[in-house]
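Structure file my_file_26.txt (compact mmCIF, C-alpha atoms) follows.
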```txt
# COMPACT_ATOMS: atom_id res chain seq x y z
CA MET A 1 49.10 114.66 277.90
CA ARG A 2 49.18 112.70 281.13
CA ASP A 3 46.06 114.11 282.71
CA LEU A 4 42.96 116.14 282.09
CA SER A 5 44.15 119.26 283.89
CA LEU A 6 47.14 119.48 281.53
CA HIS A 7 44.72 119.40 278.59
CA LEU A 8 42.80 122.18 280.27
CA LEU A 9 45.91 124.32 280.69
CA ASP A 10 46.71 123.81 277.03
CA LEU A 11 43.22 124.42 275.63
CA ALA A 12 42.61 127.51 277.77
CA GLN A 13 45.55 129.07 275.98
CA ASN A 14 43.49 128.98 272.76
CA SER A 15 40.80 131.06 274.48
CA ILE A 16 43.38 133.55 275.68
CA THR A 17 44.91 133.81 272.21
CA ALA A 18 41.40 134.43 270.85
CA GLY A 19 41.30 137.59 272.96
CA ALA A 20 38.73 136.43 275.53
CA SER A 21 38.11 138.66 278.54
CA LEU A 22 36.43 135.83 280.46
CA VAL A 23 37.31 132.15 280.32
CA THR A 24 34.86 129.81 282.06
CA VAL A 25 35.89 126.30 283.10
CA LYS A 26 33.32 123.85 284.33
CA ILE A 27 34.06 120.33 285.52
CA ALA A 28 31.10 118.25 286.57
CA ILE A 29 31.10 114.62 287.65
CA ASP A 30 27.66 113.06 288.03
CA ASP A 31 26.58 110.19 290.26
CA ALA A 32 27.11 107.68 287.44
CA GLY A 33 30.73 108.81 287.10
CA MET A 34 30.41 110.71 283.82
CA LEU A 35 32.71 113.68 283.72
CA THR A 36 31.89 116.74 281.63
CA LEU A 37 34.51 119.38 280.97
CA THR A 38 33.22 122.64 279.54
CA LEU A 39 35.54 125.41 278.41
CA GLU A 40 33.76 128.54 277.34
CA ASP A 41 35.19 131.86 276.21
CA ASN A 42 34.03 135.19 274.83
CA GLY A 43 36.93 135.51 272.38
CA LYS A 44 36.76 136.20 268.69
CA GLY A 45 35.31 132.79 267.74
CA MET A 46 35.99 130.73 264.63
CA SER A 47 34.59 130.71 261.12
CA HIS A 48 32.60 127.65 259.97
CA GLU A 49 35.48 126.71 257.73
CA LEU A 50 38.08 126.76 260.53
CA LEU A 51 35.71 125.04 262.96
CA SER A 52 35.18 122.17 260.53
CA ARG A 53 38.89 121.37 260.23
CA VAL A 54 40.25 122.32 263.65
CA THR A 55 40.08 118.78 265.08
CA SER A 56 42.62 117.72 262.48
CA PRO A 57 46.21 117.62 263.72
CA PHE A 58 47.20 119.42 260.53
CA ALA A 59 45.10 122.49 261.23
CA THR A 60 46.55 125.39 263.18
CA THR A 61 46.32 129.17 263.18
CA ARG A 62 49.96 129.67 263.91
CA THR A 63 52.33 130.35 261.09
CA THR A 64 55.55 128.81 262.38
CA ARG A 65 54.64 125.22 261.43
CA LYS A 66 51.77 123.17 260.18
CA VAL A 67 50.70 121.03 263.10
CA GLY A 68 48.42 121.80 266.05
CA LEU A 69 47.91 118.92 268.47
CA GLY A 70 46.04 120.40 271.43
CA ILE A 71 42.46 119.90 270.21
CA PRO A 72 42.97 116.55 268.39
CA MET A 73 44.63 115.01 271.45
CA MET A 74 41.76 116.12 273.69
CA LYS A 75 39.26 114.65 271.23
CA GLU A 76 41.11 111.36 271.09
CA ASN A 77 41.40 111.07 274.86
CA ALA A 78 37.70 111.84 275.36
CA GLU A 79 36.52 109.32 272.77
CA LYS A 80 38.96 106.68 274.02
CA ALA A 81 37.37 106.95 277.46
CA GLY A 82 33.83 106.30 276.26
CA GLY A 83 33.03 109.99 275.93
CA THR A 84 32.33 112.64 273.35
CA PHE A 85 33.92 115.83 272.11
CA SER A 86 32.22 118.84 270.62
CA LEU A 87 33.12 122.37 269.69
CA SER A 88 30.79 125.20 268.83
CA SER A 89 31.76 128.69 267.89
CA GLU A 90 30.35 131.91 266.60
CA GLU A 91 32.51 134.63 265.12
CA GLY A 92 32.59 137.66 267.38
CA LYS A 93 30.83 135.84 270.21
CA GLY A 94 33.15 133.10 271.42
CA THR A 95 33.81 129.39 271.50
CA THR A 96 32.56 126.52 273.67
CA LEU A 97 34.32 123.19 273.99
CA ILE A 98 32.63 120.25 275.68
CA ALA A 99 34.39 116.97 276.36
CA THR A 100 32.84 114.10 278.28
CA MET A 101 34.55 111.04 279.70
CA ASP A 102 33.43 107.97 281.57
CA THR A 103 35.55 107.98 284.71
CA LYS A 104 34.92 104.23 285.13
CA ASN A 105 36.58 103.57 281.77
CA ILE A 106 40.11 102.19 282.13
CA ASP A 107 41.38 104.62 279.48
CA CYS A 108 39.99 107.69 281.25
CA LEU A 109 42.74 110.16 282.11
CA PRO A 110 43.10 111.11 285.77
CA LEU A 111 42.06 114.65 286.64
CA GLY A 112 45.57 115.61 287.75
CA ASP A 113 46.59 118.80 289.49
CA LEU A 114 43.57 121.00 288.85
CA THR A 115 44.63 123.63 291.39
CA GLY A 116 48.05 123.81 289.73
CA THR A 117 46.43 124.34 286.33
CA LEU A 118 44.12 127.11 287.48
CA LEU A 119 46.96 128.76 289.40
CA SER A 120 49.27 128.56 286.37
CA LEU A 121 46.61 130.17 284.20
CA MET A 122 46.18 133.03 286.65
CA LEU A 123 49.90 133.58 287.22
CA THR A 124 50.84 133.57 283.56
CA ASN A 125 47.95 135.91 282.69
CA PRO A 126 48.34 138.23 285.66
CA LEU A 127 46.18 141.16 284.51
CA SER A 128 43.64 139.64 282.11
CA PRO A 129 41.56 137.67 281.17
CA ASP A 130 39.38 136.70 284.10
CA PHE A 131 38.71 133.07 284.93
CA LEU A 132 35.57 131.53 286.33
CA PHE A 133 35.78 127.97 287.63
CA GLU A 134 32.75 125.90 288.54
CA GLY A 135 33.18 122.39 289.86
CA SER A 136 30.50 119.95 290.82
CA THR A 137 30.88 116.38 292.04
CA PRO A 138 28.75 114.08 294.22
CA LYS A 139 30.71 115.59 297.15
CA GLY A 140 29.56 119.15 296.51
CA LYS A 141 30.19 122.30 294.50
CA ALA A 142 33.09 124.72 294.14
CA VAL A 143 33.23 128.18 292.59
CA PHE A 144 36.21 130.44 292.03
CA ASP A 145 35.85 133.75 290.23
CA THR A 146 38.86 135.98 289.60
CA ARG A 147 36.56 138.96 289.01
CA GLU A 148 35.82 138.90 292.76
CA VAL A 149 39.54 138.77 293.53
CA ARG A 150 40.26 141.66 291.22
CA GLY A 151 37.39 143.62 292.77
CA VAL A 152 39.31 143.65 296.07
CA LEU A 153 42.81 143.77 294.64
CA GLY A 154 42.19 146.54 292.12
CA SER A 155 43.42 146.56 288.56
CA ASP A 156 46.98 147.71 289.36
CA ILE A 157 48.25 144.63 291.23
CA PRO A 158 49.07 141.61 289.05
CA PHE A 159 48.30 138.04 290.16
CA ASN A 160 51.96 137.01 289.90
CA GLU A 161 52.93 139.27 292.77
CA PRO A 162 54.35 136.62 295.21
CA SER A 163 52.08 137.43 298.16
CA VAL A 164 49.00 137.45 295.90
CA ALA A 165 50.11 134.21 294.25
CA SER A 166 50.30 132.37 297.56
CA TRP A 167 46.91 133.72 298.57
CA LEU A 168 45.46 132.45 295.28
CA LYS A 169 47.05 129.04 295.79
CA GLU A 170 45.57 128.62 299.27
CA ALA A 171 42.18 129.95 298.21
CA LEU A 172 42.04 127.54 295.26
CA GLU A 173 43.06 124.57 297.38
CA GLU A 174 40.46 125.44 299.98
CA GLU A 175 37.75 125.58 297.34
CA ILE A 176 38.73 122.65 295.13
CA ASN A 177 40.28 119.97 297.35
CA PRO A 178 37.15 119.11 299.37
CA ILE A 179 35.11 118.07 296.33
CA PHE A 180 37.81 116.54 294.12
CA GLY A 181 39.46 114.52 296.87
CA GLY A 182 40.34 110.84 296.95
CA VAL A 183 40.40 109.15 293.60
CA TRP A 184 39.99 112.50 291.81
CA ILE A 185 43.35 113.93 292.80
CA MET B 1 36.28 131.48 299.03
CA LYS B 2 39.21 132.27 301.34
CA SER B 3 38.92 135.45 303.30
CA LEU B 4 38.91 138.51 301.06
CA ALA B 5 39.99 140.57 304.07
CA ASP B 6 43.42 138.90 303.88
CA LEU B 7 43.57 139.99 300.28
CA GLU B 8 42.81 143.59 301.22
CA ALA B 9 45.80 143.53 303.61
CA ILE B 10 48.01 142.06 300.84
CA ARG B 11 46.88 144.83 298.52
CA LYS B 12 47.97 147.55 300.94
CA ARG B 13 51.38 145.96 301.54
CA THR B 14 51.98 145.34 297.85
CA LEU B 15 51.10 148.84 296.72
CA GLU B 16 53.87 150.24 298.92
CA ASN B 17 56.46 147.88 297.41
CA ILE B 18 55.34 148.10 293.82
CA ASN B 19 56.00 151.82 293.57
CA MET B 20 59.64 151.43 294.56
CA ARG B 21 60.34 148.93 291.83
CA LYS B 22 61.63 149.73 288.38
CA ASP B 23 61.06 147.36 285.50
CA GLU B 24 64.54 147.76 284.01
CA ASP B 25 66.26 146.08 286.95
CA ALA B 26 63.94 143.10 287.05
CA ALA B 27 65.21 139.61 286.27
CA ARG B 28 62.90 137.71 283.95
CA VAL B 29 62.13 134.01 283.77
CA VAL B 30 60.30 133.03 280.58
CA ILE B 31 58.90 129.50 280.43
CA GLY B 32 57.72 127.71 277.27
CA MET B 33 54.09 126.78 277.89
CA ALA B 34 52.76 125.61 274.53
CA THR B 35 51.29 122.11 274.02
CA CYS B 36 54.81 120.62 273.86
CA GLY B 37 56.05 122.39 277.00
CA ILE B 38 52.96 121.49 279.01
CA ALA B 39 53.10 117.84 277.92
CA ALA B 40 56.78 117.67 278.92
CA GLY B 41 56.12 119.09 282.39
CA ALA B 42 56.34 122.90 282.29
CA ARG B 43 53.57 123.47 284.82
CA PRO B 44 55.34 122.06 287.92
CA VAL B 45 58.48 123.94 286.86
CA MET B 46 56.60 127.23 286.75
CA LEU B 47 54.97 126.59 290.11
CA ALA B 48 58.39 125.69 291.56
CA PHE B 49 59.70 129.11 290.44
CA MET B 50 56.78 130.89 292.11
CA ASP B 51 57.42 128.92 295.34
CA GLU B 52 61.13 129.65 295.33
CA ILE B 53 60.60 133.37 294.67
CA LYS B 54 58.11 133.56 297.50
CA LYS B 55 60.41 131.59 299.82
CA ARG B 56 63.34 133.92 299.20
CA ASN B 57 61.11 137.00 299.06
CA LEU B 58 62.69 138.14 295.79
CA GLN B 59 61.15 141.43 294.66
CA HIS B 60 62.88 141.85 291.34
CA VAL B 61 61.93 138.67 289.49
CA THR B 62 59.04 138.22 287.09
CA VAL B 63 57.91 134.86 285.74
CA SER B 64 56.10 134.80 282.42
CA GLN B 65 55.27 132.36 279.67
CA THR B 66 55.89 132.05 275.99
CA GLY B 67 54.76 129.70 273.23
CA CYS B 68 56.64 127.03 271.35
CA VAL B 69 60.07 128.07 270.07
CA GLY B 70 60.37 125.07 267.74
CA MET B 71 62.77 122.97 269.80
CA CYS B 72 60.12 120.73 271.33
CA ARG B 73 62.64 117.95 272.02
CA TYR B 74 64.32 120.16 274.65
CA GLU B 75 61.12 120.97 276.57
CA PRO B 76 60.54 121.96 279.32
CA MET B 77 62.67 124.97 278.38
CA LEU B 78 63.05 128.37 279.95
CA ASP B 79 65.07 131.54 279.56
CA VAL B 80 66.58 133.51 282.42
CA ILE B 81 67.25 137.11 281.47
CA LEU B 82 69.19 139.25 283.93
CA PRO B 83 69.28 143.01 283.31
CA GLY B 84 72.15 143.98 281.01
CA GLN B 85 73.12 140.38 280.24
CA GLU B 86 72.46 137.92 277.43
CA LYS B 87 69.65 135.50 278.00
CA VAL B 88 70.52 131.99 279.20
CA THR B 89 68.40 129.07 277.98
CA TYR B 90 67.88 126.07 280.25
CA ILE B 91 66.57 122.79 278.83
CA HIS B 92 64.90 119.63 280.18
CA VAL B 93 64.16 121.56 283.35
CA LYS B 94 62.71 119.66 286.30
CA PRO B 95 61.24 121.22 289.46
CA GLU B 96 64.21 119.86 291.46
CA MET B 97 66.56 122.02 289.38
CA VAL B 98 64.72 125.24 290.13
CA PRO B 99 66.18 126.09 293.59
CA ARG B 100 69.69 125.85 292.15
CA ILE B 101 68.88 128.04 289.15
CA VAL B 102 67.34 130.65 291.45
CA ALA B 103 70.18 130.58 293.98
CA GLU B 104 73.17 130.41 291.64
CA HIS B 105 71.93 132.32 288.61
CA ILE B 106 69.18 134.74 289.58
CA VAL B 107 70.52 135.64 293.02
CA ASN B 108 74.28 135.29 292.50
CA GLY B 109 74.61 135.87 288.77
CA HIS B 110 76.34 132.62 287.77
CA PRO B 111 74.40 130.53 285.23
CA VAL B 112 74.17 126.79 286.02
CA THR B 113 76.14 125.82 282.93
CA GLU B 114 75.43 122.09 283.07
CA TYR B 115 71.65 122.68 282.66
CA THR B 116 71.93 125.07 279.71
CA ILE B 117 71.33 124.39 276.05
CA GLY B 118 75.04 125.01 275.41
CA ALA B 119 75.97 121.99 277.55
CA ALA B 120 73.60 119.74 275.56
CA GLU B 121 74.92 120.75 272.17
CA ASP B 122 78.63 120.41 272.91
```
Write out the structure in this file as structure tokens.
Amino acid sequence: MRDLSLHLLDLAQNSITAGASLVTVKIAIDDAGMLTLTLEDNGKGMSHELLSRVTSPFATTRTTRKVGLGIPMMKENAEKAGGTFSLSSEEGKGTTLIATMDTKNIDCLPLGDLTGTLLSLMLTNPLSPDFLFEGSTPKGKAVFDTREVRGVLGSDIPFNEPSVASWLKEALEEEINPIFGGVWI
Amino acid sequence: MKSLADLEAIRKRTLENINMRKDEDAARVVIGMATCGIAAGARPVMLAFMDEIKKRNLQHVTVSQTGCVGMCRYEPMLDVILPGQEKVTYIHVKPEMVPRIVAEHIVNGHPVTEYTIGAAED
């Protein structure tokens, strides 16, 4: 993966497959330059046994083949950049993934196209689940909640309707660009 | 957040259109978005399709995603399925290729043969 937002797009898919109705993404960068990515869902969760082996590239829930690289690659990239990786999960309640990275570390991945990732998630999951994004950097805070959008739009219009999609794109850019500008693009 | 009033107007316009549409005459674009597809660059391809559909105001095209089909070396891959026709699989798709696929295949019905999986395997 070339950047952090691609990891996010990949890992969020796990939450969706777990049947979550709400996927929460938080990206916070503190004054010292530590980045914390939190991905939280209310899906079906994992058993202790699965949780203990899921960071192995040879653990996967799919049946077509025996490798699953999404989580191990995220773990490697976080640890390579002077950060940490942790996963917690409770069956029936959901899963929380937290990855930290030191943005001053030379091996830290760039953030990449965060708007593109969030937009892709919404367009490829046009009716459910809902996504909540919370960003915080020294420049300010950003919040985007698809439950608000759906409140206005109603449940019968999907997000991949072209006119809705371009509204989403502009709304995301307006919210996210001001605080993740400059070096964080 | 951007004005929710705009969204209300979009809702009204869309509801009028959506009722006239039938699913069976929709063209479908299905993009592989598993770990392999994403790593190879599926996200900009998908966004390019949304842009192109919006630009041409196409009402009968849906874009959706699928997982890994086991041919990771050909990613980014996508299928274009026109109603009543066999699906066509495009491989190593880049955003620059999308306008041509939309214009020649989805709008005019002629697959862009040189981008398809058939061209790679010959």
query: Neighbours of B:Leu47 within 12 Å (all atoms listed in the file; same-chain residues fewer than 2 positions away dropped), as a PyMOL selection string?
result: (chain A and resi 113+115-124+160+162+165-166+169) or (chain B and resi 31+41-45+49-54+63-65+94-96+98-99)
task: Compute the chain B side of the contact with chain A at 9 Å, counting all atoms listed in the file, and hand it back as a ChimeraX atom specification.
output: /B:1-8,10-12,14-15,18,33-36,38-40,43-44,46-47,50-51,53-54,57-59,62-65,69-70
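With all atoms listed in the file as the basis for measurement, A:Lys80 is the residue among A:Arg62, A:Lys75, A:Lys80, A:Lys139 that approaches A:Ile106 most closely.
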field: Atom pair atom CA of A:Phe85 / atom CA of A:Thr61: separation (Å)
entry: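 Between atom CA of A:Phe85 and atom CA of A:Thr61 the gap is 20.3 Å.
Of the residues listed (B:Val102, B:Val61, B:Ala9, B:Ile117), B:Ile117 shows the shortest atom-to-atom separation from B:Pro76; distances use all atoms listed in the file.
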